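Visitor: Sending over protein-v4.csv (CSV, C-alpha atoms).
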chain,number,residue,atom,x,y,z
P,264,MET,CA,0.0,0.0,0.0
P,265,ASP,CA,1.2,3.6,-0.7
P,266,LYS,CA,2.7,5.5,2.2
P,267,LEU,CA,1.4,8.8,3.2
P,268,HIS,CA,3.5,11.9,3.9
P,269,LEU,CA,2.1,13.9,6.8
P,270,THR,CA,3.0,17.5,7.6
P,271,VAL,CA,1.4,19.4,10.4
P,272,LEU,CA,2.0,23.1,10.1
P,273,THR,CA,1.1,26.1,12.3
P,274,SER,CA,2.0,29.7,11.7
P,275,THR,CA,5.0,29.4,14.0
P,276,GLU,CA,6.4,26.0,13.4
P,277,THR,CA,6.3,22.7,11.6
P,278,VAL,CA,5.0,20.4,14.3
P,279,LEU,CA,5.3,17.1,12.6
P,280,ASP,CA,6.8,16.0,9.3
P,281,ARG,CA,7.0,12.2,8.7
P,282,ARG,CA,5.9,9.2,6.6
P,283,ALA,CA,2.9,7.3,7.9
P,284,ASP,CA,0.6,4.4,7.0
P,285,TYR,CA,-2.5,5.7,8.6
P,286,VAL,CA,-3.7,9.1,9.7
P,287,ASN,CA,-6.7,9.8,11.8
P,288,LEU,CA,-8.1,13.3,11.6
P,289,PRO,CA,-10.4,15.0,14.2
P,290,LEU,CA,-13.3,16.6,12.4
P,291,PRO,CA,-15.9,18.9,14.0
P,292,TYR,CA,-18.3,15.8,14.2
P,293,GLY,CA,-16.4,12.6,14.6
P,294,SER,CA,-13.2,11.6,13.0
P,295,LEU,CA,-11.8,10.5,9.6
P,296,GLY,CA,-9.3,7.9,8.8
P,297,ILE,CA,-6.9,8.3,5.9
P,298,LEU,CA,-5.0,5.5,4.2
P,299,GLY,CA,-2.7,5.6,1.2
P,300,GLY,CA,-4.4,6.2,-2.1
P,301,HIS,CA,-7.2,8.3,-0.6
P,302,ALA,CA,-9.3,10.5,-2.9
P,303,PRO,CA,-8.4,14.2,-3.0
P,304,LEU,CA,-10.0,15.8,0.0
P,305,LEU,CA,-10.2,19.2,1.7
P,306,CYS,CA,-11.7,19.2,5.1
P,307,ALA,CA,-12.2,21.5,8.1
P,308,LEU,CA,-10.8,20.2,11.4
P,309,GLY,CA,-12.3,20.3,14.8
P,310,LYS,CA,-10.7,20.3,18.2
P,311,GLY,CA,-9.2,16.9,19.1
P,312,VAL,CA,-6.3,14.6,18.8
P,313,LEU,CA,-4.7,13.7,15.4
P,314,ARG,CA,-3.1,10.3,15.4
P,315,CYS,CA,-0.8,8.7,12.9
P,316,THR,CA,0.9,5.3,12.8
P,317,GLY,CA,3.7,4.1,10.6
P,318,GLU,CA,7.3,2.8,10.4
P,319,GLU,CA,8.6,5.9,12.1
P,320,GLY,CA,6.4,5.2,15.0
P,321,ALA,CA,3.0,6.5,16.3
P,322,ALA,CA,2.4,10.1,17.1
P,323,ARG,CA,-0.4,12.1,18.5
P,324,VAL,CA,-0.9,15.8,18.0
P,325,LEU,CA,-3.5,18.0,19.8
P,326,VAL,CA,-5.0,20.3,17.2
P,327,SER,CA,-7.7,23.0,17.5
P,328,GLY,CA,-9.3,24.1,14.3
P,329,GLY,CA,-7.8,24.4,10.9
P,330,VAL,CA,-8.0,22.6,7.6
P,331,ALA,CA,-6.5,19.4,6.1
P,332,ASP,CA,-5.6,18.9,2.5
P,333,VAL,CA,-5.1,15.4,1.1
P,334,GLN,CA,-3.7,15.0,-2.3
P,335,GLN,CA,-1.7,12.2,-3.9
P,336,ASN,CA,-0.7,10.8,-0.5
P,337,GLU,CA,0.4,14.1,0.8
P,338,VAL,CA,-1.5,15.0,3.9
P,339,THR,CA,-1.0,18.6,4.9
P,340,ILE,CA,-2.6,20.0,8.1
P,341,LEU,CA,-2.8,23.7,8.6
P,342,ALA,CA,-3.8,24.1,12.2
P,343,SER,CA,-4.6,27.3,14.2
P,344,SER,CA,-2.7,25.6,17.0
P,345,ALA,CA,-1.0,22.2,17.3
P,346,GLN,CA,0.9,20.5,20.1
P,347,LEU,CA,2.8,17.3,19.8
P,348,LEU,CA,1.7,15.0,22.7
P,349,PRO,CA,4.2,12.9,24.5
P,350,ASP,CA,3.9,9.1,23.9
P,351,ASP,CA,3.1,8.1,27.4
P,352,ALA,CA,0.4,10.7,28.1
P,353,GLU,CA,-2.3,8.2,27.2
P,354,ARG,CA,-1.3,5.6,29.8
V,82,MET,CA,43.2,72.2,37.6
V,83,ALA,CA,39.5,72.7,38.0
V,84,ASN,CA,39.1,72.6,34.2
V,85,LEU,CA,40.9,69.3,34.0
V,86,ARG,CA,38.7,67.7,36.5
V,87,LYS,CA,35.6,69.0,34.7
V,88,ILE,CA,36.7,67.6,31.4
V,89,ARG,CA,37.5,64.2,33.0
V,90,SER,CA,34.1,63.9,34.6
V,91,HIS,CA,32.5,64.9,31.2
V,92,ILE,CA,34.4,62.1,29.5
V,93,LYS,CA,33.3,59.7,32.1
V,94,SER,CA,29.6,60.5,31.7
V,95,VAL,CA,29.9,60.3,27.9
V,96,GLN,CA,31.5,56.8,28.3
V,97,ASN,CA,28.5,55.8,30.5
V,98,THR,CA,26.1,56.9,27.8
V,99,GLN,CA,28.1,55.0,25.2
V,100,GLN,CA,27.9,51.8,27.3
V,101,ILE,CA,24.1,52.2,27.4
V,102,THR,CA,23.7,52.8,23.7
V,103,LYS,CA,26.0,50.0,22.8
V,104,SER,CA,24.1,47.5,24.9
V,105,MET,CA,20.7,48.8,23.6
V,106,LYS,CA,22.1,48.2,20.1
V,107,MET,CA,23.0,44.6,21.0
V,108,VAL,CA,19.6,43.9,22.6
V,109,ALA,CA,17.9,45.3,19.5
V,110,ALA,CA,20.0,43.1,17.3
V,111,THR,CA,19.1,39.9,19.2
V,112,LYS,CA,15.4,40.8,19.2
V,113,LEU,CA,15.6,41.5,15.5
V,114,ARG,CA,17.2,38.1,14.8
V,115,ARG,CA,14.5,36.4,16.9
V,116,THR,CA,11.7,38.2,15.0
V,117,GLN,CA,13.2,37.4,11.6
V,118,THR,CA,13.5,33.6,12.4
V,119,ALA,CA,9.7,33.6,13.1
V,120,PHE,CA,9.1,34.7,9.5
V,121,GLY,CA,10.2,31.4,7.9
V,122,PRO,CA,7.4,29.1,9.1
V,123,LEU,CA,4.9,31.9,8.7
V,124,ARG,CA,5.7,32.3,5.1
V,125,SER,CA,5.3,28.6,4.2
V,126,PHE,CA,2.1,28.5,6.1
V,127,ALA,CA,0.8,31.6,4.2
V,128,GLU,CA,1.7,30.1,0.9
V,129,LYS,CA,0.0,26.8,1.6
V,130,SER,CA,-3.2,28.4,3.0
V,131,GLY,CA,-3.3,30.9,0.1
V,132,ALA,CA,-3.2,28.0,-2.4
V,133,ILE,CA,-6.0,26.1,-0.6
V,134,LEU,CA,-8.0,29.3,-0.3
V,135,ALA,CA,-7.9,29.8,-4.0
V,136,HIS,CA,-9.3,26.3,-4.5
V,137,VAL,CA,-12.1,26.8,-2.1
V,138,CYS,CA,-13.3,30.3,-2.8
V,139,GLY,CA,-14.2,29.8,-6.4
V,140,GLY,CA,-17.8,29.5,-7.6
V,141,GLU,CA,-20.9,30.4,-5.6
V,142,THR,CA,-19.4,30.1,-2.1
V,143,ASP,CA,-19.6,33.2,-0.1
V,144,ASN,CA,-18.2,34.4,3.2
V,145,VAL,CA,-19.0,37.4,5.4
V,146,TYR,CA,-15.4,38.6,5.2
V,147,LEU,CA,-15.2,38.4,1.5
V,148,THR,CA,-18.2,40.6,0.9
V,149,PRO,CA,-17.8,44.3,1.2
V,150,HIS,CA,-20.5,46.1,3.2
V,151,PRO,CA,-23.1,47.7,1.0
V,152,ALA,CA,-22.5,51.3,2.3
V,153,SER,CA,-19.0,51.9,3.5
V,154,LYS,CA,-19.1,54.7,6.2
V,155,THR,CA,-16.5,53.9,8.8
V,156,VAL,CA,-12.9,53.0,8.4
V,157,CYS,CA,-10.9,51.5,11.2
V,158,TYR,CA,-7.1,52.2,11.2
V,159,VAL,CA,-5.0,49.7,13.0
V,160,LEU,CA,-1.8,51.6,13.9
V,161,ILE,CA,1.1,49.3,14.8
V,162,VAL,CA,3.7,51.5,16.5
V,163,GLY,CA,6.7,50.5,18.6
V,164,ASN,CA,6.7,49.6,22.2
V,165,ARG,CA,9.4,52.2,23.1
V,166,GLY,CA,11.0,55.3,21.7
V,167,LEU,CA,14.7,55.8,21.0
V,168,CYS,CA,14.4,54.3,17.5
V,169,GLY,CA,14.9,57.4,15.2
V,170,THR,CA,11.9,58.5,13.2
V,171,TYR,CA,10.2,55.1,13.2
V,172,ASN,CA,7.2,56.1,15.3
V,173,THR,CA,6.8,59.7,14.3
V,174,ALA,CA,7.0,58.9,10.6
V,175,LEU,CA,4.2,56.4,11.1
V,176,LEU,CA,2.1,59.0,12.9
V,177,ARG,CA,2.6,61.5,10.1
V,178,TYR,CA,1.6,58.9,7.6
V,179,LEU,CA,-1.6,58.2,9.4
V,180,GLU,CA,-2.4,61.9,9.4
V,181,GLU,CA,-1.9,62.0,5.7
V,182,LEU,CA,-4.2,59.0,5.2
V,183,ARG,CA,-6.9,60.6,7.4
V,184,ALA,CA,-6.7,63.9,5.5
V,185,ARG,CA,-7.5,62.0,2.3
V,186,GLU,CA,-10.3,60.0,3.9
V,187,ALA,CA,-13.9,61.3,3.7
V,188,ARG,CA,-15.4,58.5,5.9
V,189,ASP,CA,-15.4,58.4,9.7
V,190,CYS,CA,-12.3,57.1,11.3
V,191,ILE,CA,-11.8,55.0,14.3
V,192,LEU,CA,-8.4,53.9,15.6
V,193,VAL,CA,-7.0,50.8,17.2
V,194,THR,CA,-3.4,51.0,18.3
V,195,VAL,CA,-0.9,48.3,18.9
V,196,GLY,CA,2.2,49.0,21.0
V,197,ARG,CA,2.9,51.0,24.0
V,198,TRP,CA,4.5,54.1,22.4
V,199,GLY,CA,2.5,57.3,22.1
V,200,ARG,CA,-0.8,56.1,23.5
V,201,ASP,CA,-1.4,59.5,25.1
V,202,LEU,CA,0.0,61.3,22.1
V,203,ILE,CA,-2.6,59.7,19.8
V,204,GLY,CA,-5.3,60.3,22.3
V,205,SER,CA,-4.6,64.0,22.1
V,206,ALA,CA,-4.5,64.0,18.3
V,207,GLY,CA,-8.3,63.9,18.2
V,208,ILE,CA,-9.0,60.5,16.7
V,209,PRO,CA,-11.3,58.4,18.8
V,210,LEU,CA,-9.2,55.6,20.1
V,211,ARG,CA,-11.3,52.4,20.1
V,212,ARG,CA,-8.8,50.2,21.9
V,213,ASN,CA,-5.1,49.7,22.6
V,214,PHE,CA,-3.4,46.4,22.3
V,215,GLU,CA,-0.1,45.6,23.9
V,216,VAL,CA,2.1,43.2,22.0
V,217,SER,CA,5.4,41.8,23.1
V,218,ASP,CA,8.7,42.5,21.2
V,219,THR,CA,8.5,39.2,19.3
V,220,PRO,CA,4.7,38.8,18.7
V,221,LYS,CA,3.3,35.4,19.4
V,222,ALA,CA,0.6,33.6,17.5
V,223,ASP,CA,-1.9,34.0,20.3
V,224,GLU,CA,-1.3,37.8,20.6
V,225,ALA,CA,-2.1,38.0,16.8
V,226,LEU,CA,-5.1,35.8,17.3
V,227,GLN,CA,-6.5,38.2,20.0
V,228,LEU,CA,-6.1,41.2,17.7
V,229,ALA,CA,-7.5,39.4,14.7
V,230,ASP,CA,-10.6,38.2,16.7
V,231,PHE,CA,-11.2,41.8,17.9
V,232,LEU,CA,-10.9,43.1,14.3
V,233,ARG,CA,-13.2,40.4,12.9
V,234,ALA,CA,-15.8,41.3,15.5
V,235,LEU,CA,-15.6,45.0,14.6
V,236,TYR,CA,-16.2,44.2,10.9
V,237,ARG,CA,-18.9,41.5,11.5
V,238,GLU,CA,-20.9,43.7,13.8
V,239,GLY,CA,-20.7,46.6,11.4
V,240,GLU,CA,-18.8,49.0,13.6
V,241,ALA,CA,-16.2,49.3,10.9
V,242,ASP,CA,-16.8,48.8,7.1
V,243,GLU,CA,-13.2,48.6,6.3
V,244,ILE,CA,-10.2,47.7,8.4
V,245,VAL,CA,-6.8,49.0,7.4
V,246,LEU,CA,-3.5,48.0,8.9
V,247,VAL,CA,-1.0,50.9,9.1
V,248,TYR,CA,2.6,49.9,9.8
V,249,GLN,CA,6.2,50.2,8.7
V,250,HIS,CA,7.0,47.9,5.8
V,251,PHE,CA,10.3,46.2,6.4
V,252,ARG,CA,12.4,46.7,3.3
V,253,SER,CA,15.7,46.0,4.9
V,254,VAL,CA,17.5,46.5,8.2
V,255,LEU,CA,18.4,50.0,7.1
V,256,ALA,CA,15.1,51.0,5.4
V,257,GLN,CA,11.5,50.9,6.6
V,258,GLN,CA,8.6,52.5,4.9
V,259,PRO,CA,5.2,53.4,6.2
V,260,CYS,CA,2.5,51.5,4.4
V,261,HIS,CA,-1.1,50.5,4.7
V,262,LYS,CA,-2.9,47.3,3.8
V,263,THR,CA,-6.6,46.6,3.8
V,264,LEU,CA,-7.3,43.6,6.0
V,265,LEU,CA,-11.1,43.5,5.7
V,266,PRO,CA,-13.0,43.0,3.5
V,267,LEU,CA,-10.7,40.4,2.2
V,268,GLU,CA,-9.7,40.8,-1.4
V,269,ARG,CA,-11.1,37.7,-3.2
V,270,PRO,CA,-8.1,35.7,-4.3
V,271,GLU,CA,-8.0,34.6,-7.9
V,272,SER,CA,-9.8,31.3,-7.8
V,273,ALA,CA,-8.0,28.2,-9.2
V,274,PRO,CA,-10.2,25.3,-10.1
V,275,PRO,CA,-9.8,22.5,-7.5
V,276,PRO,CA,-8.3,19.3,-8.6
V,277,GLU,CA,-10.7,16.8,-10.3
V,278,GLY,CA,-13.0,15.0,-8.0
V,279,VAL,CA,-11.9,16.6,-4.8
V,280,ILE,CA,-14.2,16.0,-1.7
V,281,PHE,CA,-15.1,18.9,0.4
V,282,GLU,CA,-15.8,18.0,4.0
V,283,PRO,CA,-18.3,19.1,5.5
V,284,ASP,CA,-19.0,21.6,2.7
V,285,ARG,CA,-17.3,24.4,0.8
V,286,ALA,CA,-18.8,27.2,2.9
V,287,SER,CA,-17.7,26.0,6.3
V,288,LEU,CA,-14.3,25.1,4.9
V,289,LEU,CA,-14.0,28.6,3.6
V,290,GLU,CA,-14.8,30.0,7.0
V,291,SER,CA,-12.0,28.0,8.6
V,292,LEU,CA,-9.6,29.0,5.9
V,293,VAL,CA,-10.5,32.7,6.0
V,294,ASP,CA,-10.0,32.6,9.8
V,295,LEU,CA,-6.6,31.1,9.4
V,296,TYR,CA,-5.7,33.5,6.6
V,297,LEU,CA,-6.7,36.6,8.7
V,298,ASN,CA,-4.8,35.4,11.7
V,299,ASN,CA,-1.8,34.9,9.6
V,300,SER,CA,-2.0,38.3,7.9
V,301,VAL,CA,-2.3,40.0,11.3
V,302,HIS,CA,0.6,38.0,12.7
V,303,ALA,CA,2.8,38.7,9.6
V,304,ALA,CA,2.1,42.5,9.9
V,305,LEU,CA,2.9,42.5,13.6
V,306,LEU,CA,6.2,40.6,13.0
V,307,GLU,CA,7.1,42.9,10.2
V,308,ALA,CA,6.4,46.0,12.2
V,309,ARG,CA,8.4,44.7,15.2
V,310,ALA,CA,11.3,43.7,12.9
V,311,GLY,CA,11.3,47.2,11.6
V,312,GLU,CA,11.2,48.7,15.1
V,313,HIS,CA,14.2,46.6,16.2
V,314,SER,CA,16.3,47.5,13.2
V,315,ALA,CA,15.4,51.2,13.5
V,316,ARG,CA,16.5,51.1,17.1
V,317,MET,CA,19.7,49.3,16.1
V,318,THR,CA,20.5,51.9,13.5
V,319,ALA,CA,19.7,54.8,15.9
V,320,MET,CA,21.9,53.2,18.6
V,321,THR,CA,24.7,52.6,16.2
V,322,SER,CA,24.8,56.2,15.2
V,323,ALA,CA,24.5,57.3,18.8
V,324,SER,CA,27.5,55.1,19.8
V,325,ASP,CA,29.5,56.6,16.9
V,326,SER,CA,28.7,60.1,18.0
V,327,THR,CA,29.8,59.4,21.6
V,328,GLU,CA,33.0,57.9,20.2
V,329,GLU,CA,33.6,61.2,18.4
V,330,LEU,CA,32.7,63.3,21.4
V,331,ILE,CA,35.1,61.3,23.6
V,332,ALA,CA,37.9,61.8,21.0
V,333,GLU,CA,37.3,65.6,21.0
V,334,LEU,CA,37.1,65.7,24.8
V,335,THR,CA,40.3,63.7,25.2
V,336,GLN,CA,42.1,66.2,22.9
V,337,GLU,CA,40.8,69.1,24.9
V,338,LEU,CA,42.0,67.3,28.1
V,339,ASN,CA,45.5,66.8,26.6
V,340,HIS,CA,45.6,70.5,25.7
V,341,ALA,CA,44.6,71.6,29.1
V,342,ARG,CA,47.1,69.2,30.7
V,343,GLN,CA,49.9,70.4,28.4
V,344,ALA,CA,49.0,74.0,29.3
V,345,ALA,CA,49.2,73.2,33.0
V,346,ILE,CA,52.6,71.5,32.6
V,347,THR,CA,53.9,74.4,30.5
V,348,THR,CA,52.8,76.9,33.2
V,349,GLU,CA,54.5,74.8,35.9
V,350,ILE,CA,57.8,74.6,33.9
V,351,SER,CA,57.9,78.3,33.2
V,352,GLU,CA,57.2,79.0,36.9
V,353,ILE,CA,60.1,76.7,37.9
V,354,VAL,CA,62.4,78.2,35.3
V,355,GLY,CA,61.4,81.7,36.4
V,356,GLY,CA,62.0,80.7,40.1
V,357,ALA,CA,65.4,79.2,39.2
V,358,ALA,CA,66.4,82.3,37.2
V,359,ALA,CA,65.4,84.6,40.1
V,360,LEU,CA,67.5,82.5,42.5
V,361,ALA,CA,70.5,82.6,40.1
V,362,ASP,CA,70.2,86.4,39.9
V,363,LYS,CA,70.3,86.7,43.7
V,364,GLU,CA,73.6,84.7,43.9
Translate the structure of the given file into structure tokens.
Guide:
Amino acid sequence: MDKLHLTVLTSTETVLDRRADYVNLPLPYGSLGILGGHAPLLCALGKGVLRCTGEEGAARVLVSGGVADVQQNEVTILASSAQLLPDDAER
Amino acid sequence: MANLRKIRSHIKSVQNTQQITKSMKMVAATKLRRTQTAFGPLRSFAEKSGAILAHVCGGETDNVYLTPHPASKTVCYVLIVGNRGLCGTYNTALLRYLEELRAREARDCILVTVGRWGRDLIGSAGIPLRRNFEVSDTPKADEALQLADFLRALYREGEADEIVLVYQHFRSVLAQQPCHKTLLPLERPESAPPPEGVIFEPDRASLLESLVDLYLNNSVHAALLEARAGEHSARMTAMTSASDSTEELIAELTQELNHARQAAITTEISEIVGGAAALADKE
């Protein structure tokens, strides 16, 4: 299956930039999973946790508002604010 | 001797001033560098959001910030001045520019200021001041967000029909130029057709709303950063020339001191010689 390339940008920094197999986006109502080869998509984001898994490990980012752009396995997130969560916070 | 002491204390005080101007210059240089590094991520973010905005805003989709008010009666100037003085003509040039803008404007004006400098001065200039914002020396995203939220509300509630940012455009470290830029209503970007078969989630209108918000926050943040970068470099330039002048002054004073000292020595020698000659005459 194709790999995704995920970039999470805010106006002050690039929060995350890595290859991933699966990305889960928080939408205003519910969430949306993206796998490789997804159709082109533009969507508004809600407040919540974005998750991604892949060879480079799993990561979670707290985002609040913004938009996501999915095109040819490039997933670009433009977030009003985003914060990378530490791995063990969930436990 | 009294003269010598006076010159020495004068030199000392000029040296103290020089120390202050030199350290202010260094502080400004550090702040400038910090502000400039913040530009990088902002620019790539702006490019990306601009490209997506062009895809989304085509067609029938409408947004409150993209539509000009039917009757434009009030214009709101957002004046971004420095936090402090001692930066040459940076602030005063901006104030003069605002006066020129107002003179040409037939509509009512309200004013929002950003920065600590000249709050009282502006108050006495006769423009109704709507609100003053204080922004740190390297503006953060949340400070920009606060200001952007306030401006959006002004526009949405009809208090202002046009919102114009007035600030110093950062051309280079040595040159800034007062400029104005209309923030709201947003100029409709040239729409580029979205790629074939793209899915909009949940729909185009709400997407546009999110994007416009991001775009406005970004524009405000960029203007704040640009204005602050200009302020720091103006202060750096002013302090450099102040340090240079103190250097010159110290050189002049040192020369004067040497003259005075030489004159004192000469007087002393001629006194001794005179005294010796008088004694020789006696013998």
Visitor: Between P:Ser294, P:Thr277, P:Asn287, P:Thr316, which one has atoms that come closest to Leu341 (chain P), using all atoms listed in the file?
Guide: P:Thr277
Visitor: Using all atoms listed in the file, find each residue in chain P having at least one atom no more than 12 Å away from chain V; report its shortest atom-to-atom pair and that distance in Å (one decimal), rows by chain then rising number, as JSON lines.
Guide:
{"residue": "P:Thr270", "atom": "CA", "partner": "V:Phe126", "partner_atom": "CA", "distance": 11.1}
{"residue": "P:Val271", "atom": "CA", "partner": "V:Phe126", "partner_atom": "CA", "distance": 10.1}
{"residue": "P:Leu272", "atom": "CA", "partner": "V:Phe126", "partner_atom": "CA", "distance": 6.7}
{"residue": "P:Thr273", "atom": "CA", "partner": "V:Phe126", "partner_atom": "CA", "distance": 6.7}
{"residue": "P:Ser274", "atom": "CA", "partner": "V:Leu123", "partner_atom": "CA", "distance": 4.7}
{"residue": "P:Thr275", "atom": "CA", "partner": "V:Pro122", "partner_atom": "CA", "distance": 5.5}
{"residue": "P:Glu276", "atom": "CA", "partner": "V:Pro122", "partner_atom": "CA", "distance": 5.4}
{"residue": "P:Thr277", "atom": "CA", "partner": "V:Pro122", "partner_atom": "CA", "distance": 7.0}
{"residue": "P:Val278", "atom": "CA", "partner": "V:Pro122", "partner_atom": "CA", "distance": 10.4}
{"residue": "P:Leu288", "atom": "CA", "partner": "V:Glu282", "partner_atom": "CA", "distance": 11.8}
{"residue": "P:Pro289", "atom": "CA", "partner": "V:Glu282", "partner_atom": "CA", "distance": 11.9}
{"residue": "P:Leu290", "atom": "CA", "partner": "V:Glu282", "partner_atom": "CA", "distance": 8.9}
{"residue": "P:Pro291", "atom": "CA", "partner": "V:Pro283", "partner_atom": "CA", "distance": 8.8}
{"residue": "P:Tyr292", "atom": "CA", "partner": "V:Pro283", "partner_atom": "CA", "distance": 9.3}
{"residue": "P:Gly293", "atom": "CA", "partner": "V:Pro283", "partner_atom": "CA", "distance": 11.3}
{"residue": "P:Ser294", "atom": "CA", "partner": "V:Glu282", "partner_atom": "CA", "distance": 11.3}
{"residue": "P:Leu295", "atom": "CA", "partner": "V:Glu282", "partner_atom": "CA", "distance": 10.2}
{"residue": "P:His301", "atom": "CA", "partner": "V:Val279", "partner_atom": "CA", "distance": 10.4}
{"residue": "P:Ala302", "atom": "CA", "partner": "V:Val279", "partner_atom": "CA", "distance": 6.9}
{"residue": "P:Pro303", "atom": "CA", "partner": "V:Val279", "partner_atom": "CA", "distance": 4.6}
{"residue": "P:Leu304", "atom": "CA", "partner": "V:Ile280", "partner_atom": "CA", "distance": 4.5}
{"residue": "P:Leu305", "atom": "CA", "partner": "V:Phe281", "partner_atom": "CA", "distance": 5.1}
{"residue": "P:Cys306", "atom": "CA", "partner": "V:Glu282", "partner_atom": "CA", "distance": 4.4}
{"residue": "P:Ala307", "atom": "CA", "partner": "V:Leu288", "partner_atom": "CA", "distance": 5.3}
{"residue": "P:Leu308", "atom": "CA", "partner": "V:Ser291", "partner_atom": "CA", "distance": 8.4}
{"residue": "P:Gly309", "atom": "CA", "partner": "V:Ser291", "partner_atom": "CA", "distance": 9.9}
{"residue": "P:Ser327", "atom": "CA", "partner": "V:Ser291", "partner_atom": "CA", "distance": 11.1}
{"residue": "P:Gly328", "atom": "CA", "partner": "V:Ser291", "partner_atom": "CA", "distance": 7.4}
{"residue": "P:Gly329", "atom": "CA", "partner": "V:Ser291", "partner_atom": "CA", "distance": 6.0}
{"residue": "P:Val330", "atom": "CA", "partner": "V:Ser291", "partner_atom": "CA", "distance": 6.8}
{"residue": "P:Ala331", "atom": "CA", "partner": "V:Ile133", "partner_atom": "CA", "distance": 9.5}
{"residue": "P:Asp332", "atom": "CA", "partner": "V:Ile133", "partner_atom": "CA", "distance": 7.8}
{"residue": "P:Val333", "atom": "CA", "partner": "V:Val279", "partner_atom": "CA", "distance": 9.1}
{"residue": "P:Gln334", "atom": "CA", "partner": "V:Val279", "partner_atom": "CA", "distance": 8.7}
{"residue": "P:Gln335", "atom": "CA", "partner": "V:Pro276", "partner_atom": "CA", "distance": 10.8}
{"residue": "P:Thr339", "atom": "CA", "partner": "V:Lys129", "partner_atom": "CA", "distance": 8.9}
{"residue": "P:Ile340", "atom": "CA", "partner": "V:Lys129", "partner_atom": "CA", "distance": 9.8}
{"residue": "P:Leu341", "atom": "CA", "partner": "V:Phe126", "partner_atom": "CA", "distance": 7.3}
{"residue": "P:Ala342", "atom": "CA", "partner": "V:Leu295", "partner_atom": "CA", "distance": 8.0}
{"residue": "P:Ser343", "atom": "CA", "partner": "V:Leu295", "partner_atom": "CA", "distance": 6.4}
{"residue": "P:Ser344", "atom": "CA", "partner": "V:Ala222", "partner_atom": "CA", "distance": 8.7}
{"residue": "P:Ala345", "atom": "CA", "partner": "V:Ala222", "partner_atom": "CA", "distance": 11.5}
Visitor: Just to confirm, what's the straight-line distance from CA of Trp198 (chain V) to CA of Asn172 (chain V) in Å (one decimal)?
Guide: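 Distance reported for this atom pair: 7.9 Å.
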Visitor: Would you kindly return, as a PyMOL selection string, each protein, DNA or RNA residue with an atom no farther than 10 Å from any atom of Ala225 (chain V), considering all atoms listed in the file and excluding same-chain residues fewer than 5 positions away?
Guide: chain V and resi 216+220+230-231+297-306
Visitor: Of the candidates V:Arg165, V:Arg252, V:Arg211, V:His91, which shows the shortest atom-to-atom distance to Glu240 (chain V), using all atoms listed in the file?
Guide: V:Arg211
Visitor: Could you check how far CA of Met320 (chain V) sits from CA of Ile161 (chain V), in Å to one decimal?
Guide: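 It comes out at 21.5 Å.
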Visitor: What's the separation between CA of His268 (chain P) and CA of Gln346 (chain P), in Å to one decimal place?
Guide: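 Going from CA of His268 (chain P) over to CA of Gln346 (chain P) covers 18.5 Å.
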Visitor: Please provide as a CSV table (one decimal) with C-alpha atoms, keeping the file's coordinate frame all residues within 9 Å of Tyr248 (chain V), with the sequence filter that same-chain residues fewer than 5 positions apart are discarded (counting all atoms listed in the file).
Guide:
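Heads up, here's the output in result18.csv:
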chain,number,residue,atom,x,y,z
V,159,VAL,CA,-5.0,49.7,13.0
V,160,LEU,CA,-1.8,51.6,13.9
V,161,ILE,CA,1.1,49.3,14.8
V,162,VAL,CA,3.7,51.5,16.5
V,175,LEU,CA,4.2,56.4,11.1
V,258,GLN,CA,8.6,52.5,4.9
V,259,PRO,CA,5.2,53.4,6.2
V,260,CYS,CA,2.5,51.5,4.4
V,261,HIS,CA,-1.1,50.5,4.7
V,262,LYS,CA,-2.9,47.3,3.8
V,304,ALA,CA,2.1,42.5,9.9
V,305,LEU,CA,2.9,42.5,13.6
V,307,GLU,CA,7.1,42.9,10.2
V,308,ALA,CA,6.4,46.0,12.2
Visitor: Looking at all atoms listed in the file, which of V:Phe214, V:Tyr146, V:Phe251, V:Tyr158 is the one that sits closest to Arg200 (chain V)?
Guide: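 Result for the nearest residue to Arg200 (chain V): V:Phe214.
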Visitor: May I have the residues within 12 Å of Ile101 (chain V) as a list in words, using only C-alpha atoms and disregarding those fewer than 4 positions away in the same chain?
Guide: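 Counting only C-alpha atoms, the residues come to Ser94, Val95, Gln96, Asn97, Met105, Lys106, Met107, Val108, Leu167, Met320, Thr321, Ala323, Ser324 and Thr327 of chain V.
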Visitor: Write the residues of the selection above to a file with C-alpha atoms, as a PDB file, keeping the file's coordinate frame.
Guide:
ATOM      1  CA  SER V  94      29.600  60.500  31.700  1.00  0.00           C
ATOM      2  CA  VAL V  95      29.900  60.300  27.900  1.00  0.00           C
ATOM      3  CA  GLN V  96      31.500  56.800  28.300  1.00  0.00           C
ATOM      4  CA  ASN V  97      28.500  55.800  30.500  1.00  0.00           C
ATOM      5  CA  MET V 105      20.700  48.800  23.600  1.00  0.00           C
ATOM      6  CA  LYS V 106      22.100  48.200  20.100  1.00  0.00           C
ATOM      7  CA  MET V 107      23.000  44.600  21.000  1.00  0.00           C
ATOM      8  CA  VAL V 108      19.600  43.900  22.600  1.00  0.00           C
ATOM      9  CA  LEU V 167      14.700  55.800  21.000  1.00  0.00           C
ATOM     10  CA  MET V 320      21.900  53.200  18.600  1.00  0.00           C
ATOM     11  CA  THR V 321      24.700  52.600  16.200  1.00  0.00           C
ATOM     12  CA  ALA V 323      24.500  57.300  18.800  1.00  0.00           C
ATOM     13  CA  SER V 324      27.500  55.100  19.800  1.00  0.00           C
ATOM     14  CA  THR V 327      29.800  59.400  21.600  1.00  0.00           C
TER      15      THR V 327
END
Visitor: Identify which of the residues V:Asn164, V:Asn84, V:Ser253, V:Thr155 lies closest to Gly239 (chain V), counting all atoms listed in the file when measuring atom-to-atom distances.
Guide: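 Ranked by minimum distance to Gly239 (chain V), first place goes to V:Thr155.
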